[in-house]
file query37.tsv (TSV, C-alpha atoms)
chain	number	residue	atom	x	y	z
A	25	MET	CA	182.05	87.22	-25.56
A	26	ALA	CA	179.65	89.96	-24.45
A	27	ASP	CA	181.01	92.69	-22.22
A	28	LEU	CA	178.90	92.10	-19.09
A	29	THR	CA	180.44	95.06	-17.30
A	30	GLN	CA	179.26	97.38	-20.07
A	31	ASP	CA	175.84	95.69	-20.18
A	32	LEU	CA	175.35	96.19	-16.47
A	33	SER	CA	176.52	99.81	-16.33
A	34	PRO	CA	173.06	101.36	-16.99
A	35	ILE	CA	171.58	99.19	-14.23
A	36	ARG	CA	174.35	100.22	-11.86
A	37	HIS	CA	173.83	103.87	-12.80
A	38	VAL	CA	170.10	103.64	-12.03
A	39	TRP	CA	170.78	101.86	-8.74
A	40	MET	CA	173.24	104.54	-7.66
A	41	ARG	CA	170.58	107.21	-8.25
A	42	ILE	CA	167.93	105.45	-6.15
A	43	ASP	CA	167.43	106.78	-2.63
A	44	LYS	CA	168.32	103.73	-0.53
A	45	VAL	CA	166.26	104.85	2.47
A	46	LEU	CA	163.05	105.31	0.48
A	47	PHE	CA	163.77	102.11	-1.43
A	48	SER	CA	164.09	100.21	1.87
A	49	TYR	CA	160.85	101.75	3.13
A	50	ALA	CA	158.96	100.67	0.00
A	51	ALA	CA	160.56	97.21	0.03
A	52	ILE	CA	159.54	96.61	3.65
A	53	LEU	CA	155.97	97.71	2.98
A	54	LEU	CA	155.83	95.44	-0.07
A	55	ALA	CA	157.13	92.51	1.98
A	56	ILE	CA	154.48	93.09	4.66
A	57	PHE	CA	151.77	93.33	2.03
A	58	ILE	CA	152.84	90.02	0.47
A	59	LEU	CA	153.67	88.03	3.61
A	60	ASP	CA	151.24	89.39	6.19
A	61	ARG	CA	148.56	91.43	4.45
A	62	PRO	CA	146.33	91.93	7.55
A	63	ALA	CA	149.26	93.67	9.25
A	64	PHE	CA	149.92	96.06	6.35
A	65	ALA	CA	147.40	98.81	7.15
A	66	PRO	CA	147.92	98.76	10.95
A	67	SER	CA	151.72	98.82	10.56
A	68	LEU	CA	151.63	101.73	8.12
A	69	SER	CA	149.13	103.61	10.27
A	70	ASP	CA	151.13	103.14	13.49
A	71	ALA	CA	154.35	104.28	11.78
A	72	LEU	CA	152.72	107.39	10.31
A	73	ASP	CA	151.06	108.26	13.63
A	74	SER	CA	154.43	108.08	15.39
A	75	LEU	CA	156.00	110.25	12.70
A	76	LEU	CA	153.24	112.87	13.00
A	77	ASP	CA	153.62	112.91	16.79
A	78	THR	CA	157.28	113.81	16.32
A	79	LEU	CA	156.64	116.37	13.56
A	80	PRO	CA	156.68	119.49	15.81
A	81	PHE	CA	160.11	118.48	17.12
A	82	ILE	CA	161.35	117.81	13.59
A	83	LEU	CA	160.21	121.26	12.43
A	84	PHE	CA	161.92	122.92	15.40
A	85	ALA	CA	165.08	120.95	14.67
A	86	VAL	CA	165.32	121.91	11.00
A	87	ALA	CA	164.59	125.55	11.82
A	88	ALA	CA	167.42	125.54	14.38
A	89	ILE	CA	169.84	124.08	11.84
A	90	GLY	CA	168.78	126.64	9.24
A	91	VAL	CA	169.35	129.53	11.65
A	92	MET	CA	172.82	128.28	12.60
A	93	ARG	CA	173.85	127.89	8.96
A	94	ALA	CA	172.38	131.17	7.73
A	95	SER	CA	173.57	133.28	10.66
A	96	GLY	CA	177.11	131.90	10.51
A	97	SER	CA	176.96	131.01	14.22
A	98	GLU	CA	178.91	127.82	13.46
A	99	ARG	CA	182.00	130.05	13.41
A	100	LEU	CA	181.61	130.59	17.16
A	101	LEU	CA	182.89	127.03	17.59
A	102	GLU	CA	186.35	128.03	16.38
A	103	GLY	CA	186.90	130.01	19.57
A	104	ALA	CA	186.57	126.86	21.66
A	105	PHE	CA	190.02	125.70	20.50
A	106	LYS	CA	192.06	128.60	21.81
A	107	GLY	CA	193.60	129.05	25.25
A	108	HIS	CA	194.51	126.67	28.10
A	109	GLN	CA	194.37	123.00	27.11
A	110	ILE	CA	191.88	121.91	29.81
A	111	ARG	CA	189.66	124.86	28.87
A	112	MET	CA	189.89	123.76	25.23
A	113	ILE	CA	188.91	120.21	26.18
A	114	VAL	CA	185.83	121.36	28.07
A	115	LEU	CA	184.78	123.84	25.40
A	116	GLY	CA	185.54	121.30	22.65
A	117	ALA	CA	183.22	118.77	24.29
A	118	LEU	CA	180.51	121.41	24.72
A	119	ALA	CA	180.92	122.52	21.12
A	120	GLY	CA	180.67	118.91	19.95
A	121	GLY	CA	177.43	118.44	21.85
A	122	LEU	CA	175.90	121.60	20.37
A	123	SER	CA	177.25	121.74	16.83
A	124	PRO	CA	175.07	120.78	13.83
A	125	PHE	CA	177.95	119.20	11.89
A	126	CYS	CA	177.25	115.97	10.06
A	127	SER	CA	179.95	113.29	10.16
A	128	CYS	CA	181.53	114.25	6.84
A	129	GLU	CA	181.52	117.97	7.64
A	130	VAL	CA	183.56	117.19	10.76
A	131	ILE	CA	186.48	115.98	8.61
A	132	PRO	CA	187.52	119.32	7.03
A	133	PHE	CA	186.72	121.20	10.24
A	134	VAL	CA	188.93	118.92	12.35
A	135	ALA	CA	191.64	118.81	9.68
A	136	ALA	CA	191.80	122.61	9.77
A	137	LEU	CA	191.99	122.62	13.58
A	138	LEU	CA	194.83	120.09	13.64
A	139	ALA	CA	196.67	121.93	10.87
A	140	ALA	CA	196.36	125.13	12.89
A	141	GLY	CA	198.00	123.44	15.88
A	142	ALA	CA	194.98	122.65	18.07
A	143	PRO	CA	195.98	119.91	20.56
A	144	LEU	CA	194.73	116.40	19.81
A	145	ALA	CA	193.18	116.19	23.29
A	146	ALA	CA	190.79	119.08	22.57
A	147	VAL	CA	190.01	117.77	19.11
A	148	MET	CA	189.30	114.29	20.53
A	149	ALA	CA	186.87	115.84	23.02
A	150	PHE	CA	185.03	117.45	20.12
A	151	TRP	CA	185.18	114.26	18.03
A	152	LEU	CA	183.68	112.06	20.75
A	153	ALA	CA	180.83	114.42	21.60
A	154	SER	CA	179.98	115.62	18.09
A	155	PRO	CA	178.14	112.54	16.68
A	156	LEU	CA	176.08	112.07	19.83
A	157	MET	CA	174.05	115.23	20.14
A	158	ASP	CA	173.11	118.44	18.36
A	159	PRO	CA	170.08	120.74	18.61
A	160	ALA	CA	168.11	118.74	16.05
A	161	MET	CA	168.87	115.40	17.67
A	162	PHE	CA	167.99	116.79	21.10
A	163	ALA	CA	164.57	117.88	19.85
A	164	VAL	CA	163.85	114.53	18.18
A	165	THR	CA	165.10	112.55	21.20
A	166	ALA	CA	163.06	114.63	23.63
A	167	GLY	CA	159.95	114.18	21.51
A	168	ALA	CA	160.27	110.40	21.24
A	169	LEU	CA	162.03	109.30	24.44
A	170	GLY	CA	161.34	112.18	26.81
A	171	PHE	CA	163.19	115.30	27.91
A	172	ASP	CA	165.01	113.49	30.73
A	173	PHE	CA	166.55	110.93	28.35
A	174	ALA	CA	167.56	113.67	25.90
A	175	LEU	CA	169.16	115.72	28.68
A	176	ALA	CA	170.93	112.66	30.08
A	177	LYS	CA	172.29	111.80	26.62
A	178	THR	CA	173.55	115.37	26.21
A	179	LEU	CA	175.33	115.23	29.56
A	180	ALA	CA	176.77	111.84	28.63
A	181	ALA	CA	178.03	113.22	25.30
A	182	VAL	CA	179.78	116.17	26.93
A	183	SER	CA	181.14	114.00	29.75
A	184	LEU	CA	182.48	111.46	27.27
A	185	GLY	CA	184.18	114.24	25.33
A	186	ILE	CA	185.80	115.66	28.48
A	187	MET	CA	186.87	112.19	29.67
A	188	GLY	CA	188.39	111.33	26.30
A	189	GLY	CA	190.15	114.67	26.04
A	190	LEU	CA	191.69	114.33	29.51
A	191	VAL	CA	192.85	110.76	28.77
A	192	VAL	CA	194.51	111.89	25.54
A	193	MET	CA	196.12	114.84	27.32
A	194	ALA	CA	197.50	112.57	30.04
A	195	MET	CA	198.87	110.12	27.45
A	196	ALA	CA	200.01	112.69	24.90
A	197	ARG	CA	203.68	111.72	25.23
A	198	THR	CA	203.07	107.96	24.93
A	199	PRO	CA	203.58	106.03	21.66
A	200	VAL	CA	199.78	105.75	21.24
A	201	PHE	CA	199.27	109.45	20.57
A	202	ALA	CA	202.69	110.49	19.31
A	203	ASP	CA	202.57	111.66	15.69
A	204	PRO	CA	198.85	110.84	15.43
A	205	LEU	CA	198.00	112.10	11.93
A	206	LYS	CA	198.05	110.23	8.65
A	207	PRO	CA	199.71	111.87	5.63
A	208	GLN	CA	197.60	114.67	4.16
A	209	THR	CA	194.23	113.33	3.11
A	210	ALA	CA	191.68	114.96	0.82
A	211	THR	CA	188.91	116.29	3.02
A	212	GLY	CA	186.22	117.47	0.69
A	213	CYS	CA	182.67	117.20	1.94
A	214	GLY	CA	179.79	117.07	-0.43
A	215	CYS	CA	177.22	118.21	2.08
A	216	SER	CA	179.00	121.29	3.38
A	217	GLY	CA	177.68	124.64	2.30
A	218	PRO	CA	179.20	128.13	2.20
A	219	LYS	CA	180.50	129.46	5.51
A	220	MET	CA	179.00	132.80	6.48
A	221	THR	CA	180.36	135.53	8.68
A	222	LEU	CA	178.36	135.96	11.87
A	223	ASN	CA	175.14	137.95	11.48
A	224	TRP	CA	172.12	136.96	13.56
A	225	ARG	CA	169.80	139.10	11.41
A	226	PHE	CA	170.20	136.66	8.53
A	227	TRP	CA	166.78	137.44	7.04
A	228	THR	CA	168.03	140.85	5.90
A	229	GLU	CA	170.29	139.32	3.21
A	230	ALA	CA	169.03	137.31	0.24
A	231	PRO	CA	171.96	134.82	0.18
A	232	ARG	CA	171.43	134.04	3.86
A	233	ARG	CA	167.67	133.59	3.37
A	234	LYS	CA	168.43	131.20	0.53
A	235	LEU	CA	170.93	129.29	2.69
A	236	PHE	CA	168.37	129.06	5.50
A	237	ALA	CA	165.74	127.65	3.13
A	238	GLU	CA	168.16	125.17	1.57
A	239	ALA	CA	169.50	123.96	4.93
A	240	ALA	CA	166.04	123.65	6.45
A	241	TRP	CA	164.61	121.81	3.43
A	242	SER	CA	167.51	119.39	3.01
A	243	ASN	CA	167.44	118.51	6.71
A	244	LEU	CA	163.65	118.17	6.69
A	245	VAL	CA	163.94	115.64	3.85
A	246	PHE	CA	166.81	113.86	5.59
A	247	LEU	CA	165.05	113.62	8.95
A	248	GLY	CA	161.69	112.82	7.40
A	249	LYS	CA	162.82	109.84	5.36
A	250	TRP	CA	165.07	108.37	8.06
A	251	LEU	CA	162.45	108.73	10.79
A	252	ALA	CA	159.73	107.31	8.53
A	253	LEU	CA	161.89	104.22	8.03
A	254	ALA	CA	162.81	104.04	11.70
A	255	TYR	CA	159.21	104.27	12.90
A	256	LEU	CA	158.22	101.54	10.46
A	257	LEU	CA	161.00	99.34	11.85
A	258	GLN	CA	159.86	100.19	15.38
A	259	THR	CA	156.34	99.08	14.51
A	260	LEU	CA	157.62	95.79	13.10
A	261	LEU	CA	159.85	95.28	16.12
A	262	ILE	CA	156.92	95.61	18.48
A	263	ARG	CA	154.67	93.45	16.29
A	264	TYR	CA	157.00	90.57	15.49
A	265	VAL	CA	159.76	90.38	18.13
A	266	PRO	CA	158.63	88.81	21.43
A	267	ALA	CA	159.02	91.18	24.36
A	268	GLU	CA	160.32	88.29	26.46
A	269	MET	CA	163.30	87.84	24.14
A	270	ILE	CA	164.29	91.52	24.30
A	271	ALA	CA	163.87	91.55	28.07
A	272	ASN	CA	166.01	88.43	28.45
A	273	VAL	CA	168.85	89.82	26.32
A	274	VAL	CA	169.08	93.52	27.25
A	275	GLY	CA	166.65	93.84	30.12
A	276	GLY	CA	167.14	93.52	33.84
A	277	GLU	CA	169.80	94.79	36.18
A	278	GLY	CA	173.57	94.50	36.25
A	279	LEU	CA	176.42	95.12	33.85
A	280	GLY	CA	175.56	92.33	31.41
A	281	PRO	CA	172.76	94.07	29.45
A	282	ILE	CA	174.66	97.39	29.45
A	283	PHE	CA	177.89	95.82	28.21
A	284	LEU	CA	176.05	93.83	25.53
A	285	ALA	CA	174.10	96.89	24.34
A	286	ALA	CA	177.35	98.86	24.04
A	287	LEU	CA	178.97	96.05	22.01
A	288	VAL	CA	176.08	95.72	19.55
A	289	GLY	CA	175.51	99.48	19.31
A	290	ALA	CA	177.73	100.03	16.28
A	291	PRO	CA	176.59	97.22	13.95
A	292	ALA	CA	172.91	97.76	14.80
A	293	TYR	CA	173.04	101.57	14.52
A	294	LEU	CA	171.51	103.41	11.55
A	295	ASN	CA	172.10	107.01	12.57
A	296	GLY	CA	171.36	109.18	15.58
A	297	TYR	CA	167.88	110.09	14.39
A	298	ALA	CA	166.78	106.66	13.19
A	299	ALA	CA	168.05	105.08	16.42
A	300	VAL	CA	165.58	107.07	18.52
A	301	PRO	CA	162.38	105.26	17.44
A	302	LEU	CA	164.18	101.90	17.54
A	303	ILE	CA	165.25	102.54	21.12
A	304	GLY	CA	161.67	103.52	21.90
A	305	GLY	CA	160.49	100.19	20.57
A	306	LEU	CA	163.17	98.27	22.46
A	307	LEU	CA	162.27	100.05	25.70
A	308	GLU	CA	158.63	99.09	25.19
A	309	GLN	CA	159.76	95.49	24.71
A	310	GLY	CA	161.72	95.40	27.96
A	311	MET	CA	165.15	96.89	27.28
A	312	SER	CA	166.63	98.43	30.42
A	313	GLN	CA	167.22	102.17	30.60
A	314	GLY	CA	170.94	101.67	31.18
A	315	ALA	CA	171.25	99.40	28.14
A	316	ALA	CA	169.36	101.94	26.01
A	317	MET	CA	171.78	104.70	26.98
A	318	ALA	CA	174.82	102.49	26.37
A	319	PHE	CA	173.44	101.55	22.94
A	320	VAL	CA	172.93	105.12	21.74
A	321	ILE	CA	176.29	106.34	23.07
A	322	ALA	CA	178.38	103.47	21.70
A	323	GLY	CA	176.46	103.35	18.43
A	324	GLY	CA	176.60	107.10	17.89
A	325	VAL	CA	180.36	107.38	18.32
A	326	SER	CA	181.36	104.17	16.54
A	327	CYS	CA	178.79	104.05	13.72
A	328	ILE	CA	180.30	103.98	10.23
A	329	PRO	CA	179.98	107.71	9.30
A	330	ALA	CA	181.46	108.93	12.60
A	331	ALA	CA	184.19	106.29	12.60
A	332	VAL	CA	185.15	107.05	9.00
A	333	ALA	CA	185.54	110.73	9.90
A	334	VAL	CA	188.17	109.75	12.47
A	335	TRP	CA	189.81	107.03	10.35
A	336	ALA	CA	190.31	109.50	7.51
A	337	LEU	CA	192.68	111.67	9.54
A	338	VAL	CA	194.45	109.67	12.25
A	339	LYS	CA	196.64	106.59	12.38
A	340	PRO	CA	195.13	103.20	13.31
A	341	ARG	CA	196.41	103.24	16.91
A	342	VAL	CA	194.65	106.55	17.56
A	343	PHE	CA	191.52	105.21	15.90
A	344	VAL	CA	191.56	102.14	18.20
A	345	ALA	CA	191.94	104.48	21.19
A	346	TYR	CA	188.94	106.46	19.93
A	347	LEU	CA	186.82	103.29	19.81
A	348	GLY	CA	188.06	102.21	23.24
A	349	LEU	CA	187.12	105.55	24.75
A	350	ALA	CA	183.70	105.35	23.09
A	351	LEU	CA	182.99	101.87	24.46
A	352	SER	CA	184.21	102.75	27.96
A	353	GLY	CA	182.21	105.96	28.03
A	354	ALA	CA	179.07	104.19	26.77
A	355	ILE	CA	179.27	101.60	29.54
A	356	LEU	CA	179.82	104.27	32.19
A	357	ALA	CA	176.91	106.33	30.82
A	358	GLY	CA	174.69	103.25	30.84
A	359	ILE	CA	175.57	102.45	34.44
A	360	ALA	CA	174.95	106.05	35.53
A	361	TRP	CA	171.63	106.42	33.70
A	362	GLY	CA	170.48	102.96	34.81
A	363	ALA	CA	171.07	103.92	38.43
A	364	PHE	CA	169.32	107.28	38.06
A	365	ALA	CA	166.33	106.37	35.87
call {"tool": "encode", "arguments": {"input": "query37.tsv", "output": "structure tokens"}}
result
Amino acid sequence: MADLTQDLSPIRHVWMRIDKVLFSYAAILLAIFILDRPAFAPSLSDALDSLLDTLPFILFAVAAIGVMRASGSERLLEGAFKGHQIRMIVLGALAGGLSPFCSCEVIPFVAALLAAGAPLAAVMAFWLASPLMDPAMFAVTAGALGFDFALAKTLAAVSLGIMGGLVVMAMARTPVFADPLKPQTATGCGCSGPKMTLNWRFWTEAPRRKLFAEAAWSNLVFLGKWLALAYLLQTLLIRYVPAEMIANVVGGEGLGPIFLAALVGAPAYLNGYAAVPLIGGLLEQGMSQGAAMAFVIAGGVSCIPAAVAVWALVKPRVFVAYLGLALSGAILAGIAWGAFA
């Protein structure tokens, strides 16, 4: 009998090397071309126009990330986890809302903090805020959804971090948070680069200039491909999904749309950048402002990359508490933003 596993290995190898985001983009365009050819050119044009409108914010975002990596200013975050516990919670939440860490880079950073004796309450504050906002995401969100929404999301991220940290501090002696860590887990991160000592004049050193260029380019590619896909999906959402249906499900007043948006945030979430154009499309179709905020908060904290970063280090009961805090905070943020907007 033929060894099918061996026969399929070259195909599997090729598939693993394919960029799934670009593959999805091409597959969607091909499907439009085959199934609805008159919509092909307008859909592609609308998606590219939206991407170009956001380009200045993307360029600012990648430059900011490059500066932080090359200057070593990420190391300033380590000082947030020293001192009085409430101070650490507040600074941890602020650091989470400002740091450029991706979800996998958070794992070794948090593991080192916990190993050094940082309290779980402060680390939880950082964990809850970190996936929700960073300088790059703020720029992209402000460009697509407006400065007010970006600022409100930032405040929600920091507030969620502080709320979660205070809850964990208050319950630190309960069985939920006693002995919270799993046995030592490997925490390697493929996307993390070398850590530099702090030097704001990074352009004076060749290694730092190289790190700036590499960080800026890799993030430009990352943001570009994800936003291109997201804007294409936004265009299709507006073209093919009736506005009445969106408005009936997550539009209108009250807790119902906010609660529902928070519940579906995780499974429907791509990543923080790709979610921005999709939320823009949903808002155009009738999604309420409160539901939009609940969606991005719940989805950002509980999406697979962010959740895996937590699951890798803590026991299941702490992980469930993390998700509960995320859902509660998302609903509260949605209510607050819905009342203000």
call {"tool": "closest_residue", "arguments": {"input": "query37.tsv", "among": "A:Thr259, A:Gln309, A:Thr178, A:Thr165", "to": "Ser69 in chain A", "atoms": "only C-alpha atoms"}}
result
A:Thr259
call {"tool": "atom_distance", "arguments": {"input": "query37.tsv", "atom1": "CA of Ser326 in chain A", "atom2": "CA of Val91 in chain A"}}
result
28.5 Å
call {"tool": "closest_residue", "arguments": {"input": "query37.tsv", "among": "A:Ala365, A:Met92, A:Leu169, A:Leu54", "to": "Gly304 in chain A", "atoms": "only C-alpha atoms"}}
result
A:Leu169
call {"tool": "residues_near_point", "arguments": {"input": "query37.tsv", "point": "(179.0, 118.8, 19.8)", "cutoff": "12 Å", "atoms": "all atoms listed in the file", "output": "ChimeraX atom specification"}}
result
/A:98,101,104,113-127,130,147-162,177-186,325
call {"tool": "write_last_selection", "arguments": {"input": "query37.tsv", "atoms": "C-alpha atoms", "output": "compact mmCIF listing (two decimals), keeping the file's coordinate frame"}}
result
# COMPACT_ATOMS: atom_id res chain seq x y z
CA GLU A 98 178.91 127.82 13.46
CA LEU A 101 182.89 127.03 17.59
CA ALA A 104 186.57 126.86 21.66
CA ILE A 113 188.91 120.21 26.18
CA VAL A 114 185.83 121.36 28.07
CA LEU A 115 184.78 123.84 25.40
CA GLY A 116 185.54 121.30 22.65
CA ALA A 117 183.22 118.77 24.29
CA LEU A 118 180.51 121.41 24.72
CA ALA A 119 180.92 122.52 21.12
CA GLY A 120 180.67 118.91 19.95
CA GLY A 121 177.43 118.44 21.85
CA LEU A 122 175.90 121.60 20.37
CA SER A 123 177.25 121.74 16.83
CA PRO A 124 175.07 120.78 13.83
CA PHE A 125 177.95 119.20 11.89
CA CYS A 126 177.25 115.97 10.06
CA SER A 127 179.95 113.29 10.16
CA VAL A 130 183.56 117.19 10.76
CA VAL A 147 190.01 117.77 19.11
CA MET A 148 189.30 114.29 20.53
CA ALA A 149 186.87 115.84 23.02
CA PHE A 150 185.03 117.45 20.12
CA TRP A 151 185.18 114.26 18.03
CA LEU A 152 183.68 112.06 20.75
CA ALA A 153 180.83 114.42 21.60
CA SER A 154 179.98 115.62 18.09
CA PRO A 155 178.14 112.54 16.68
CA LEU A 156 176.08 112.07 19.83
CA MET A 157 174.05 115.23 20.14
CA ASP A 158 173.11 118.44 18.36
CA PRO A 159 170.08 120.74 18.61
CA ALA A 160 168.11 118.74 16.05
CA MET A 161 168.87 115.40 17.67
CA PHE A 162 167.99 116.79 21.10
CA LYS A 177 172.29 111.80 26.62
CA THR A 178 173.55 115.37 26.21
CA LEU A 179 175.33 115.23 29.56
CA ALA A 180 176.77 111.84 28.63
CA ALA A 181 178.03 113.22 25.30
CA VAL A 182 179.78 116.17 26.93
CA SER A 183 181.14 114.00 29.75
CA LEU A 184 182.48 111.46 27.27
CA GLY A 185 184.18 114.24 25.33
CA ILE A 186 185.80 115.66 28.48
CA VAL A 325 180.36 107.38 18.32
call {"tool": "residues_near_point", "arguments": {"input": "query37.tsv", "point": "(160.0, 103.1, 1.7)", "cutoff": "12 Å", "atoms": "only C-alpha atoms", "output": "ChimeraX atom specification"}}
result
/A:42-56,68,71,248-257
call {"tool": "atom_distance", "arguments": {"input": "query37.tsv", "atom1": "CA of Arg233 in chain A", "atom2": "CA of Ile89 in chain A"}}
result
12.9 Å
call {"tool": "residues_around", "arguments": {"input": "query37.tsv", "residues": "range 234-239 of chain A", "least_positions_apart": "6", "cutoff": "9 Å", "atoms": "all atoms listed in the file", "output": "PDB file with C-alpha atoms, in the coordinates of the input"}}
result
ATOM      1  CA  VAL A  86     165.320 121.910  11.000  1.00  0.00           C
ATOM      2  CA  ALA A  87     164.590 125.550  11.820  1.00  0.00           C
ATOM      3  CA  ILE A  89     169.840 124.080  11.840  1.00  0.00           C
ATOM      4  CA  GLY A  90     168.780 126.640   9.240  1.00  0.00           C
ATOM      5  CA  VAL A  91     169.350 129.530  11.650  1.00  0.00           C
ATOM      6  CA  MET A  92     172.820 128.280  12.600  1.00  0.00           C
ATOM      7  CA  ARG A  93     173.850 127.890   8.960  1.00  0.00           C
ATOM      8  CA  ALA A  94     172.380 131.170   7.730  1.00  0.00           C
ATOM      9  CA  SER A  95     173.570 133.280  10.660  1.00  0.00           C
ATOM     10  CA  GLY A 217     177.680 124.640   2.300  1.00  0.00           C
ATOM     11  CA  PRO A 218     179.200 128.130   2.200  1.00  0.00           C
ATOM     12  CA  PHE A 226     170.200 136.660   8.530  1.00  0.00           C
ATOM     13  CA  TRP A 227     166.780 137.440   7.040  1.00  0.00           C
TER      14      TRP A 227
END
call {"tool": "atom_distance", "arguments": {"input": "query37.tsv", "atom1": "CA of Leu279 in chain A", "atom2": "CA of Ile359 in chain A"}}
result
7.4 Å
call {"tool": "residues_around", "arguments": {"input": "query37.tsv", "residues": "Phe364 in chain A", "least_positions_apart": "6", "cutoff": "10 Å", "atoms": "all atoms listed in the file", "output": "number ranges by chain"}}
result
A: 176, 313-314, 358
call {"tool": "axis_aligned_box", "arguments": {"input": "query37.tsv", "around": "range 54-63 of chain A", "padding_each_side": "6 Å", "output": "JSON"}}
result
{"center_x": 151.7, "center_y": 91.7, "center_z": 4.6, "size_x": 22.8, "size_y": 19.4, "size_z": 21.3}
call {"tool": "closest_residue", "arguments": {"input": "query37.tsv", "among": "A:Leu307, A:Ile321, A:Leu337, A:Leu222", "to": "Gly96 in chain A", "atoms": "all atoms listed in the file"}}
result
A:Leu222
call {"tool": "closest_residue", "arguments": {"input": "query37.tsv", "among": "A:Ala163, A:Val200, A:Ile58, A:Leu137", "to": "Lys106 in chain A", "atoms": "only C-alpha atoms"}}
result
A:Leu137
call {"tool": "closest_residue", "arguments": {"input": "query37.tsv", "among": "A:Gly305, A:Ile282, A:Arg232, A:Leu138", "to": "Tyr264 in chain A", "atoms": "only C-alpha atoms"}}
result
A:Gly305
call {"tool": "closest_residue", "arguments": {"input": "query37.tsv", "among": "A:Leu284, A:Ile303, A:Leu205, A:Leu347", "to": "Ile262 in chain A", "atoms": "all atoms listed in the file"}}
result
A:Ile303
